[in-house]
Each structure stands twice: as C-alpha cells, then as structure tokens.
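Novice: Structure file final23.txt (compact mmCIF, C-alpha atoms) right here:
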# COMPACT_ATOMS: atom_id res chain seq x y z
CA PHE B 9 0.00 0.00 0.00
CA LEU B 10 1.76 3.14 -1.19
CA GLY B 11 1.60 6.12 1.16
CA GLY B 12 0.66 9.71 0.36
CA LYS B 13 4.24 10.85 0.98
CA VAL B 14 5.26 9.22 -2.30
CA LEU B 15 2.24 9.85 -4.51
CA ARG B 16 -0.68 12.20 -4.50
CA PRO B 17 -3.76 10.68 -2.78
CA ARG B 18 -5.62 10.21 -6.09
CA ALA B 19 -2.60 8.43 -7.56
CA VAL B 20 -2.50 6.15 -4.55
CA GLU B 21 -6.16 5.29 -5.04
CA LYS B 22 -5.53 4.48 -8.70
CA VAL B 23 -2.56 2.22 -7.95
CA VAL B 24 -4.56 0.35 -5.30
CA GLU B 25 -7.54 0.01 -7.64
CA LEU B 26 -5.41 -1.39 -10.48
CA TYR B 27 -3.51 -3.80 -8.24
CA CYS B 28 -6.58 -5.13 -6.41
CA ASN B 29 -8.53 -5.63 -9.63
CA VAL B 30 -6.00 -8.17 -10.95
CA CYS B 31 -6.33 -10.27 -7.78
CA ASP B 32 -8.82 -13.08 -7.18
CA TYR B 33 -9.76 -11.85 -3.72
CA VAL B 34 -8.81 -8.86 -1.60
CA ILE B 35 -8.42 -9.15 2.17
CA ALA B 36 -9.05 -6.07 4.29
CA PRO B 37 -8.30 -5.94 8.02
CA ALA B 38 -11.43 -3.92 8.87
CA ASP B 39 -14.82 -2.93 7.47
CA TYR B 40 -13.81 0.69 7.02
CA VAL B 41 -10.83 -0.40 4.87
CA LYS B 42 -13.21 -2.46 2.71
CA ASP B 43 -15.44 0.61 2.29
CA GLU B 44 -12.47 2.72 1.23
CA LEU B 45 -11.36 0.10 -1.32
CA LEU B 46 -14.86 0.08 -2.79
CA GLU B 47 -14.69 3.88 -3.07
CA PHE B 48 -11.35 3.53 -4.88
CA GLY B 49 -13.10 1.42 -7.53
CA VAL B 50 -12.09 -2.11 -6.51
CA LYS B 51 -14.45 -4.57 -8.23
CA LYS B 52 -13.00 -7.87 -7.06
CA PRO B 53 -14.52 -9.58 -3.99
CA ILE B 54 -13.34 -8.13 -0.70
CA ILE B 55 -13.43 -10.08 2.54
CA VAL B 56 -12.70 -8.66 5.98
CA ILE B 57 -10.30 -10.74 8.06
CA PRO B 58 -8.68 -8.90 10.97
CA ASN B 59 -5.19 -9.58 12.23
CA GLY B 60 -5.29 -12.23 14.92
CA VAL B 61 -4.24 -12.06 18.55
CA ASP B 62 -2.82 -14.97 20.52
CA THR B 63 -5.58 -15.35 23.12
CA ASN B 64 -3.78 -18.33 24.64
CA LYS B 65 -0.80 -16.10 25.38
CA PHE B 66 -2.65 -12.88 26.21
CA LYS B 67 -5.21 -13.79 28.86
CA PRO B 68 -6.40 -12.49 32.22
CA GLY B 69 -3.96 -12.93 35.07
CA LYS B 70 -2.22 -11.17 37.92
CA SER B 71 1.34 -9.85 37.69
CA ASN B 72 3.45 -7.44 39.72
CA PHE B 73 5.86 -6.85 36.83
CA LEU B 74 5.24 -3.09 36.56
CA ARG B 75 4.76 -2.59 40.29
CA ASN B 76 8.11 -4.21 41.00
CA LYS B 77 9.83 -2.35 38.16
CA LEU B 78 8.42 1.03 39.18
CA LYS B 79 8.30 0.43 42.94
CA LEU B 80 4.53 0.84 43.23
CA SER B 81 2.37 -0.70 45.94
CA ASP B 82 -0.46 -3.22 45.59
CA THR B 83 -2.99 -0.49 46.32
CA ASP B 84 -1.73 1.79 43.54
CA LYS B 85 -3.76 1.77 40.32
CA ILE B 86 -2.01 1.60 36.96
CA VAL B 87 -3.36 3.23 33.82
CA LEU B 88 -1.42 1.71 30.93
CA TYR B 89 -0.39 2.82 27.44
CA VAL B 90 1.60 0.49 25.19
CA GLY B 91 2.96 1.69 21.84
CA ARG B 92 5.45 3.91 20.08
CA LEU B 93 6.03 7.35 21.49
CA ALA B 94 5.36 9.15 18.23
CA LYS B 95 3.42 12.30 17.45
CA GLU B 96 0.63 10.50 15.59
CA LYS B 97 -0.09 8.37 18.67
CA SER B 98 -1.34 11.45 20.60
CA VAL B 99 0.33 10.37 23.83
CA ASP B 100 0.42 14.05 24.83
CA PHE B 101 -3.38 13.93 24.88
CA LEU B 102 -3.26 11.04 27.36
CA ILE B 103 -0.82 12.93 29.60
CA ASN B 104 -2.84 16.15 29.53
CA SER B 105 -6.04 14.23 30.24
CA PHE B 106 -4.39 12.31 33.08
CA ALA B 107 -3.29 15.61 34.63
CA LYS B 108 -6.95 16.37 35.33
CA LEU B 109 -7.38 13.37 37.63
CA LYS B 110 -7.49 14.10 41.35
CA GLU B 111 -6.97 10.63 42.81
CA GLU B 112 -3.60 10.27 44.51
CA ASN B 113 -2.74 6.59 44.05
CA VAL B 114 -3.13 6.42 40.26
CA TYR B 115 -0.17 6.25 37.85
CA LEU B 116 0.01 6.53 34.07
CA VAL B 117 2.61 4.09 32.76
CA LEU B 118 3.89 4.60 29.21
CA VAL B 119 5.44 1.44 27.79
CA GLY B 120 7.38 2.03 24.59
CA ASP B 121 9.91 4.33 23.00
CA GLY B 122 10.11 6.59 19.99
CA PRO B 123 11.02 9.99 18.55
CA GLU B 124 8.55 11.89 20.72
CA ARG B 125 9.89 10.62 24.04
CA GLU B 126 11.99 13.71 24.82
CA ASN B 127 9.09 16.08 24.12
CA LEU B 128 6.74 13.97 26.23
CA GLU B 129 9.20 13.97 29.12
CA LYS B 130 9.36 17.78 28.89
CA LEU B 131 5.55 17.90 29.00
CA ILE B 132 5.52 15.63 32.06
CA LEU B 133 7.96 17.98 33.83
CA LYS B 134 5.99 21.06 32.77
CA LEU B 135 2.81 19.60 34.30
CA GLY B 136 4.63 18.53 37.45
CA LEU B 137 3.74 14.87 36.84
CA GLU B 138 7.21 13.33 36.98
CA GLU B 139 6.15 11.16 39.95
CA LYS B 140 2.78 10.20 38.41
CA VAL B 141 3.49 9.63 34.71
CA LEU B 142 6.13 6.94 34.34
CA PRO B 143 7.75 6.17 30.96
CA THR B 144 9.42 2.75 31.03
CA GLY B 145 11.13 2.87 27.66
CA PHE B 146 11.18 -0.20 25.45
CA ILE B 147 10.13 -3.48 27.07
CA GLU B 148 10.71 -6.82 25.36
CA HIS B 149 7.62 -8.26 23.66
CA ALA B 150 8.04 -11.44 25.71
CA ASN B 151 7.22 -9.39 28.82
CA LEU B 152 4.05 -7.79 27.43
CA VAL B 153 1.81 -10.45 28.97
CA ASP B 154 3.04 -9.41 32.41
CA VAL B 155 2.81 -5.74 31.44
CA TYR B 156 -0.89 -6.02 30.60
CA ASN B 157 -1.56 -8.15 33.66
CA SER B 158 -0.01 -5.48 35.86
CA ALA B 159 -2.49 -2.80 34.85
CA ASP B 160 -6.00 -1.77 35.90
CA VAL B 161 -7.06 0.18 32.79
CA PHE B 162 -5.68 0.47 29.25
CA VAL B 163 -5.86 3.81 27.40
CA PHE B 164 -5.22 4.69 23.75
CA SER B 165 -5.83 7.88 21.78
CA SER B 166 -4.23 7.38 18.38
CA SER B 167 -6.41 8.18 15.37
CA THR B 168 -3.99 6.89 12.70
CA GLU B 169 -4.30 3.13 13.21
CA THR B 170 -5.22 0.54 10.60
CA GLN B 171 -6.13 -1.89 13.34
CA GLY B 172 -4.18 -1.15 16.49
CA MET B 173 -3.08 -4.58 17.74
CA VAL B 174 -2.48 -3.42 21.32
CA ILE B 175 -6.25 -3.02 21.70
CA PRO B 176 -7.17 -6.70 21.16
CA GLU B 177 -4.08 -7.75 23.15
CA ALA B 178 -5.23 -5.67 26.12
CA MET B 179 -8.81 -6.92 25.73
CA ALA B 180 -7.62 -10.53 25.61
CA SER B 181 -5.76 -9.78 28.84
CA GLY B 182 -9.06 -8.75 30.41
CA LEU B 183 -8.32 -5.05 30.70
CA PRO B 184 -11.03 -2.38 30.54
CA ILE B 185 -10.19 -0.23 27.50
CA LEU B 186 -10.72 3.50 27.12
CA THR B 187 -10.10 5.01 23.68
CA ILE B 188 -11.17 8.00 21.67
CA LYS B 189 -14.04 7.48 19.22
CA ASP B 190 -12.59 6.03 16.03
CA LYS B 191 -13.94 3.70 13.34
CA VAL B 192 -10.89 1.46 13.76
CA PHE B 193 -11.64 0.68 17.40
CA ALA B 194 -15.36 0.23 16.78
CA GLN B 195 -14.66 -3.24 15.35
CA PHE B 196 -13.37 -4.28 18.78
CA ILE B 197 -15.24 -2.12 21.26
CA GLU B 198 -18.94 -1.91 21.92
CA ASP B 199 -19.19 1.18 24.08
CA ASN B 200 -20.00 0.45 27.71
CA VAL B 201 -20.03 -3.29 27.00
CA SER B 202 -16.54 -4.44 25.96
CA GLY B 203 -14.84 -1.09 26.54
CA PHE B 204 -15.37 2.65 26.28
CA MET B 205 -15.00 5.18 23.47
CA VAL B 206 -15.35 8.91 24.09
CA ASP B 207 -14.86 12.15 22.21
CA LYS B 208 -11.29 13.37 21.94
CA LYS B 209 -11.68 16.02 24.63
CA GLN B 210 -9.39 16.03 27.63
CA THR B 211 -12.09 16.74 30.21
CA VAL B 212 -14.39 14.05 28.78
CA PHE B 213 -11.58 11.49 28.62
CA ALA B 214 -10.44 12.30 32.17
CA GLN B 215 -13.97 12.06 33.57
CA LYS B 216 -14.59 8.67 31.98
CA LEU B 217 -11.22 7.41 33.19
CA ASP B 218 -12.04 8.58 36.71
CA ASN B 219 -15.41 6.77 36.56
CA ILE B 220 -13.72 3.53 35.50
CA LEU B 221 -11.08 3.77 38.22
CA GLN B 222 -13.66 4.48 40.93
CA ASP B 223 -16.03 1.63 40.00
CA LYS B 224 -14.51 -1.81 40.61
CA ASP B 225 -17.73 -3.63 39.64
CA LEU B 226 -17.75 -1.78 36.32
CA ARG B 227 -14.15 -2.79 35.65
CA ILE B 228 -14.95 -6.44 36.38
CA ARG B 229 -17.98 -6.41 34.08
CA ILE B 230 -16.16 -4.72 31.20
CA SER B 231 -13.12 -6.99 31.64
CA LYS B 232 -15.28 -10.08 31.23
CA HIS B 233 -16.89 -8.81 28.03
CA ALA B 234 -13.54 -7.56 26.69
CA ARG B 235 -12.04 -11.02 27.02
CA GLN B 236 -15.09 -12.61 25.42
CA LYS B 237 -14.99 -10.19 22.49
CA SER B 238 -11.26 -10.78 21.94
CA LEU B 239 -11.92 -14.45 21.20
CA GLU B 240 -13.45 -13.36 17.89
CA PHE B 241 -9.93 -12.28 16.89
CA SER B 242 -8.09 -15.35 18.17
CA LEU B 243 -5.44 -16.89 15.92
CA SER B 244 -7.52 -20.04 15.47
CA GLU B 245 -10.60 -18.05 14.44
CA VAL B 246 -8.60 -15.92 11.98
CA ALA B 247 -6.90 -19.05 10.58
CA ARG B 248 -10.30 -20.65 10.04
CA LYS B 249 -11.44 -17.62 8.04
CA PHE B 250 -8.32 -17.78 5.85
CA GLU B 251 -8.80 -21.51 5.32
CA ASP B 252 -12.43 -20.98 4.28
CA LEU B 253 -11.33 -18.29 1.82
CA TYR B 254 -8.57 -20.43 0.25
CA LYS B 255 -11.03 -23.31 -0.18
CA LYS B 256 -13.14 -21.06 -2.41
Show how you would write the structure in this file as structure tokens.
Specialist:
Amino acid sequence: FLGGKVLRPRAVEKVVELYCNVCDYVIAPADYVKDELLEFGVKKPIIVIPNGVDTNKFKPGKSNFLRNKLKLSDTDKIVLYVGRLAKEKSVDFLINSFAKLKEENVYLVLVGDGPERENLEKLILKLGLEEKVLPTGFIEHANLVDVYNSADVFVFSSSTETQGMVIPEAMASGLPILTIKDKVFAQFIEDNVSGFMVDKKQTVFAQKLDNILQDKDLRIRISKHARQKSLEFSLSEVARKFEDLYKK
C-alpha cells in the first residue's frame, strides 16, 4: 500500500484500484478499509479478516511486573499505554487528560519508546507529573503479557491506526479499554459493554477514566466482556477464516 508521501492521494487510489482488480480476492483488516477500497473502484470480492491475537498467550492474570519495576504498591492503580512514542499516537493527549485526575494513588505508565519521548518527558515535567506519569522505555515483547496483567485500565488515543493490535491484546488480557471514538476501534469495542469510546476532549476522557477507576464492579464487568470479544480475533478463528477463503 503506497503512502501519500510518495504519490498524490488520487494516484494512490488508482494504484490500489489497479492492483486489487488483478487479484482473485482482496483481504481487508477492517470494514472501514473495505469501504475505502470500494470507493477507490475495486471490483473484485473483498473479505474482511482482521489480524489475529494470541488469546492463549494474552489472557487475564495477575502480575506485579510493573509494580516491582516502578516500585509501586499493591494499592496503587495503573493506567497503561503500550505503543510507540510518536506524534501521531497522541500520547500528549493522554498525559494532559491524566493531569486532570485528582486521585492520589493512580499512575500513568507509558510502555514504549520513539522519537517523541523527549518532548513527552518535557511535557511531564511542565505539568509537574514526573512522579505520576512513568515512561518505562522499550520493554521486550516477551514481557508484554506481564505488562498487561499489571495494569488496571488500558488507554489509547491514536487516530492513525489501521487496526491497532495493542487493543485486542489488552482486551484478551481482560483489561477495561478507554479510547477515543474512532472507526478502527469500533470493530473491537462496543461502548459500555466491551470497553469505552469517548470524544477526543481532555475533560471528557479524564472524567470517563475517573469513573472507571472508581467503579470496581464496572471494571470487572467490562473486563469479562472484553475477554469474550477478543476471542473473535483469536489466531484459530482468523486461521479458520483464511482456510475458508482459500477453499473457495
């Protein structure tokens, strides 16, 4: 898929249309991608098969990985972000929203690294959150299971994802998810059932996050449905869909 940095958007659409129309089938990772391909003029059959998540690996559990690493207590609550620290991920939005929380024993943990890390660290210092917002830097993928299982809530505010694999990983781990409203995340999250999606406004995001943190019963209910929903994206389910397609 050629990006707009190389060709003008209309040229990109034309290249995609020509390429897809010499294929037998086209696989899109989400419904909105299928809709865009149809708008480009793709005539060949398009089937939606999302990327799969290893639900045997990512599953609900209890870990003190982050608490031990960051010297937090069992009573501290962890709000987790996992991903690159890049401008398009809108991590600054998460930090600014988190700054509006009043609860003392809540920490925002940023797992990942990237070109925006220095700027984000300056923002953290500017807001006086150096003891509350904790960047960990890069953590090996093998440790991500324990990372997810260390957290109480997962947050994400990027609006540039094709699918956003950290969302189904966190859901499979049984985490309540809070994201901004985006068509990408709508394939995973049914609002107030398997997660939460709100407008990209700091006060709105902060209020919803506060509600989730304050209501343990709500977190338990959402966690259960999040895990159940994630099974639709398990590797075995995705493999079955590919097998059915190839048989055609």
Novice: Please write out, as JSON, where the centre of an axis-aligned box around all listed atoms of stretch 253-256 of chain B lies and how long its edges are, in Å to one decimal, after adding 3 Å on each side.
Specialist:
{"center_x": -10.9, "center_y": -20.8, "center_z": -0.3, "size_x": 10.6, "size_y": 11.0, "size_z": 10.2}
Novice: For stretch 139-229 of chain B versus stretch 90-104 of chain B, which residues have an atom no more than 12 Å away, and what is each residue's nearest atom pair and distance in Å rounded to one decimal, using only C-alpha atoms, chain-then-number order, as CSV?
Specialist:
residue,atom,partner,partner_atom,distance
B:Lys140,CA,B:Ile103,CA,9.9
B:Val141,CA,B:Ile103,CA,7.5
B:Leu142,CA,B:Ile103,CA,10.3
B:Pro143,CA,B:Leu93,CA,9.7
B:Thr144,CA,B:Val90,CA,10.0
B:Gly145,CA,B:Leu93,CA,9.2
B:Phe146,CA,B:Arg92,CA,8.9
B:Ile147,CA,B:Val90,CA,9.6
B:Glu148,CA,B:Val90,CA,11.7
B:His149,CA,B:Val90,CA,10.7
B:Asn151,CA,B:Val90,CA,11.9
B:Leu152,CA,B:Val90,CA,8.9
B:Val153,CA,B:Val90,CA,11.6
B:Val155,CA,B:Val90,CA,8.9
B:Tyr156,CA,B:Val90,CA,8.8
B:Ala159,CA,B:Val90,CA,11.0
B:Val161,CA,B:Val90,CA,11.5
B:Phe162,CA,B:Val90,CA,8.3
B:Val163,CA,B:Leu102,CA,7.7
B:Phe164,CA,B:Leu102,CA,7.6
B:Ser165,CA,B:Ser98,CA,5.9
B:Ser166,CA,B:Lys97,CA,4.3
B:Ser167,CA,B:Lys97,CA,7.1
B:Thr168,CA,B:Glu96,CA,6.5
B:Glu169,CA,B:Lys97,CA,8.7
B:Gly172,CA,B:Gly91,CA,9.4
B:Met173,CA,B:Gly91,CA,9.6
B:Val174,CA,B:Val90,CA,6.8
B:Ile175,CA,B:Val90,CA,9.3
B:Glu177,CA,B:Val90,CA,10.2
B:Ala178,CA,B:Val90,CA,9.2
B:Leu186,CA,B:Leu102,CA,10.6
B:Thr187,CA,B:Leu102,CA,9.8
B:Ile188,CA,B:Leu102,CA,10.2
B:Asp207,CA,B:Phe101,CA,11.9
B:Lys208,CA,B:Phe101,CA,8.5
B:Lys209,CA,B:Phe101,CA,8.6
B:Gln210,CA,B:Asn104,CA,6.8
B:Thr211,CA,B:Asn104,CA,9.3
B:Val212,CA,B:Leu102,CA,11.6
B:Phe213,CA,B:Leu102,CA,8.4
B:Ala214,CA,B:Leu102,CA,8.7
B:Leu217,CA,B:Leu102,CA,10.5
Novice: Atom CA of B:Ile35 and atom CA of B:Pro58 are how many Å apart?
Specialist: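 For atom CA of B:Ile35 relative to atom CA of B:Pro58, the distance reads 8.8 Å.
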Novice: Expressed in Å to a single decimal, how great is the separation between atom CA of B:Asp225 and atom CA of B:Lys108?
Specialist: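 Value for the atom CA of B:Asp225-atom CA of B:Lys108 distance: 23.1 Å.
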Novice: Counting all atoms listed in the file, which residue out of B:Leu243, B:Met205, B:Ile54, B:Ala19 sits closest to B:Asp32?
Specialist: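 Of all the options, B:Ile54 lies closest to B:Asp32.
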Novice: Please complete stretch 131-156 of chain B so it has N, CA, C and O atoms, and hand it over as a PDB file, keeping the file's coordinate frame.
Specialist:
ATOM      1  N   LEU B 131       6.933  17.605  28.639  1.00  0.00           N
ATOM      2  CA  LEU B 131       5.550  17.900  29.000  1.00  0.00           C
ATOM      3  C   LEU B 131       5.244  17.391  30.409  1.00  0.00           C
ATOM      4  O   LEU B 131       4.578  18.078  31.198  1.00  0.00           O
ATOM      5  N   ILE B 132       5.725  16.202  30.724  1.00  0.00           N
ATOM      6  CA  ILE B 132       5.520  15.630  32.060  1.00  0.00           C
ATOM      7  C   ILE B 132       6.109  16.554  33.129  1.00  0.00           C
ATOM      8  O   ILE B 132       5.473  16.827  34.159  1.00  0.00           O
ATOM      9  N   LEU B 133       7.310  17.061  32.887  1.00  0.00           N
ATOM     10  CA  LEU B 133       7.960  17.980  33.830  1.00  0.00           C
ATOM     11  C   LEU B 133       7.185  19.296  33.936  1.00  0.00           C
ATOM     12  O   LEU B 133       6.990  19.831  35.034  1.00  0.00           O
ATOM     13  N   LYS B 134       6.733  19.795  32.802  1.00  0.00           N
ATOM     14  CA  LYS B 134       5.990  21.060  32.770  1.00  0.00           C
ATOM     15  C   LYS B 134       4.721  20.963  33.604  1.00  0.00           C
ATOM     16  O   LYS B 134       4.334  21.921  34.286  1.00  0.00           O
ATOM     17  N   LEU B 135       4.066  19.793  33.568  1.00  0.00           N
ATOM     18  CA  LEU B 135       2.810  19.600  34.300  1.00  0.00           C
ATOM     19  C   LEU B 135       3.051  19.151  35.743  1.00  0.00           C
ATOM     20  O   LEU B 135       2.100  18.972  36.504  1.00  0.00           O
ATOM     21  N   GLY B 136       4.315  18.963  36.104  1.00  0.00           N
ATOM     22  CA  GLY B 136       4.630  18.530  37.450  1.00  0.00           C
ATOM     23  C   GLY B 136       4.183  17.105  37.737  1.00  0.00           C
ATOM     24  O   GLY B 136       3.824  16.765  38.874  1.00  0.00           O
ATOM     25  N   LEU B 137       4.250  16.244  36.719  1.00  0.00           N
ATOM     26  CA  LEU B 137       3.740  14.870  36.840  1.00  0.00           C
ATOM     27  C   LEU B 137       4.860  13.830  36.827  1.00  0.00           C
ATOM     28  O   LEU B 137       4.591  12.652  36.594  1.00  0.00           O
ATOM     29  N   GLU B 138       6.084  14.261  37.104  1.00  0.00           N
ATOM     30  CA  GLU B 138       7.210  13.330  36.980  1.00  0.00           C
ATOM     31  C   GLU B 138       7.119  12.147  37.942  1.00  0.00           C
ATOM     32  O   GLU B 138       7.745  11.106  37.713  1.00  0.00           O
ATOM     33  N   GLU B 139       6.325  12.281  39.016  1.00  0.00           N
ATOM     34  CA  GLU B 139       6.150  11.160  39.950  1.00  0.00           C
ATOM     35  C   GLU B 139       4.876  10.362  39.652  1.00  0.00           C
ATOM     36  O   GLU B 139       4.635   9.335  40.287  1.00  0.00           O
ATOM     37  N   LYS B 140       4.072  10.844  38.693  1.00  0.00           N
ATOM     38  CA  LYS B 140       2.780  10.200  38.410  1.00  0.00           C
ATOM     39  C   LYS B 140       2.702   9.597  37.011  1.00  0.00           C
ATOM     40  O   LYS B 140       1.950   8.654  36.783  1.00  0.00           O
ATOM     41  N   VAL B 141       3.441  10.161  36.072  1.00  0.00           N
ATOM     42  CA  VAL B 141       3.490   9.630  34.710  1.00  0.00           C
ATOM     43  C   VAL B 141       4.861   9.005  34.519  1.00  0.00           C
ATOM     44  O   VAL B 141       5.885   9.700  34.576  1.00  0.00           O
ATOM     45  N   LEU B 142       4.877   7.697  34.271  1.00  0.00           N
ATOM     46  CA  LEU B 142       6.130   6.940  34.340  1.00  0.00           C
ATOM     47  C   LEU B 142       6.437   6.255  33.006  1.00  0.00           C
ATOM     48  O   LEU B 142       5.891   5.198  32.698  1.00  0.00           O
ATOM     49  N   PRO B 143       7.311   6.839  32.193  1.00  0.00           N
ATOM     50  CA  PRO B 143       7.750   6.170  30.960  1.00  0.00           C
ATOM     51  C   PRO B 143       8.739   5.049  31.310  1.00  0.00           C
ATOM     52  O   PRO B 143       9.682   5.273  32.062  1.00  0.00           O
ATOM     53  N   THR B 144       8.524   3.878  30.744  1.00  0.00           N
ATOM     54  CA  THR B 144       9.420   2.750  31.030  1.00  0.00           C
ATOM     55  C   THR B 144      10.473   2.558  29.958  1.00  0.00           C
ATOM     56  O   THR B 144      11.440   1.822  30.160  1.00  0.00           O
ATOM     57  N   GLY B 145      10.278   3.200  28.788  1.00  0.00           N
ATOM     58  CA  GLY B 145      11.130   2.870  27.660  1.00  0.00           C
ATOM     59  C   GLY B 145      10.691   1.555  27.042  1.00  0.00           C
ATOM     60  O   GLY B 145       9.630   0.998  27.379  1.00  0.00           O
ATOM     61  N   PHE B 146      11.507   1.039  26.146  1.00  0.00           N
ATOM     62  CA  PHE B 146      11.180  -0.200  25.450  1.00  0.00           C
ATOM     63  C   PHE B 146      11.195  -1.386  26.416  1.00  0.00           C
ATOM     64  O   PHE B 146      12.083  -1.510  27.260  1.00  0.00           O
ATOM     65  N   ILE B 147      10.191  -2.238  26.313  1.00  0.00           N
ATOM     66  CA  ILE B 147      10.130  -3.480  27.070  1.00  0.00           C
ATOM     67  C   ILE B 147       9.974  -4.631  26.082  1.00  0.00           C
ATOM     68  O   ILE B 147       9.177  -4.544  25.140  1.00  0.00           O
ATOM     69  N   GLU B 148      10.737  -5.676  26.265  1.00  0.00           N
ATOM     70  CA  GLU B 148      10.710  -6.820  25.360  1.00  0.00           C
ATOM     71  C   GLU B 148       9.284  -7.361  25.195  1.00  0.00           C
ATOM     72  O   GLU B 148       8.514  -7.435  26.158  1.00  0.00           O
ATOM     73  N   HIS B 149       8.959  -7.757  23.949  1.00  0.00           N
ATOM     74  CA  HIS B 149       7.620  -8.260  23.660  1.00  0.00           C
ATOM     75  C   HIS B 149       7.275  -9.478  24.518  1.00  0.00           C
ATOM     76  O   HIS B 149       6.105  -9.678  24.885  1.00  0.00           O
ATOM     77  N   ALA B 150       8.271 -10.260  24.876  1.00  0.00           N
ATOM     78  CA  ALA B 150       8.040 -11.440  25.710  1.00  0.00           C
ATOM     79  C   ALA B 150       7.479 -11.076  27.066  1.00  0.00           C
ATOM     80  O   ALA B 150       6.825 -11.906  27.724  1.00  0.00           O
ATOM     81  N   ASN B 151       7.695  -9.831  27.505  1.00  0.00           N
ATOM     82  CA  ASN B 151       7.220  -9.390  28.820  1.00  0.00           C
ATOM     83  C   ASN B 151       5.864  -8.688  28.760  1.00  0.00           C
ATOM     84  O   ASN B 151       5.338  -8.278  29.801  1.00  0.00           O
ATOM     85  N   LEU B 152       5.303  -8.545  27.555  1.00  0.00           N
ATOM     86  CA  LEU B 152       4.050  -7.790  27.430  1.00  0.00           C
ATOM     87  C   LEU B 152       2.887  -8.448  28.156  1.00  0.00           C
ATOM     88  O   LEU B 152       1.991  -7.759  28.644  1.00  0.00           O
ATOM     89  N   VAL B 153       2.869  -9.769  28.223  1.00  0.00           N
ATOM     90  CA  VAL B 153       1.810 -10.450  28.970  1.00  0.00           C
ATOM     91  C   VAL B 153       1.782  -9.940  30.402  1.00  0.00           C
ATOM     92  O   VAL B 153       0.724  -9.581  30.939  1.00  0.00           O
ATOM     93  N   ASP B 154       2.949  -9.890  31.032  1.00  0.00           N
ATOM     94  CA  ASP B 154       3.040  -9.410  32.410  1.00  0.00           C
ATOM     95  C   ASP B 154       2.760  -7.913  32.512  1.00  0.00           C
ATOM     96  O   ASP B 154       2.239  -7.440  33.534  1.00  0.00           O
ATOM     97  N   VAL B 155       3.105  -7.171  31.457  1.00  0.00           N
ATOM     98  CA  VAL B 155       2.810  -5.740  31.440  1.00  0.00           C
ATOM     99  C   VAL B 155       1.309  -5.511  31.509  1.00  0.00           C
ATOM    100  O   VAL B 155       0.801  -4.761  32.356  1.00  0.00           O
ATOM    101  N   TYR B 156       0.568  -6.172  30.602  1.00  0.00           N
ATOM    102  CA  TYR B 156      -0.890  -6.020  30.600  1.00  0.00           C
ATOM    103  C   TYR B 156      -1.499  -6.481  31.920  1.00  0.00           C
ATOM    104  O   TYR B 156      -2.396  -5.835  32.467  1.00  0.00           O
TER     105      TYR B 156
END
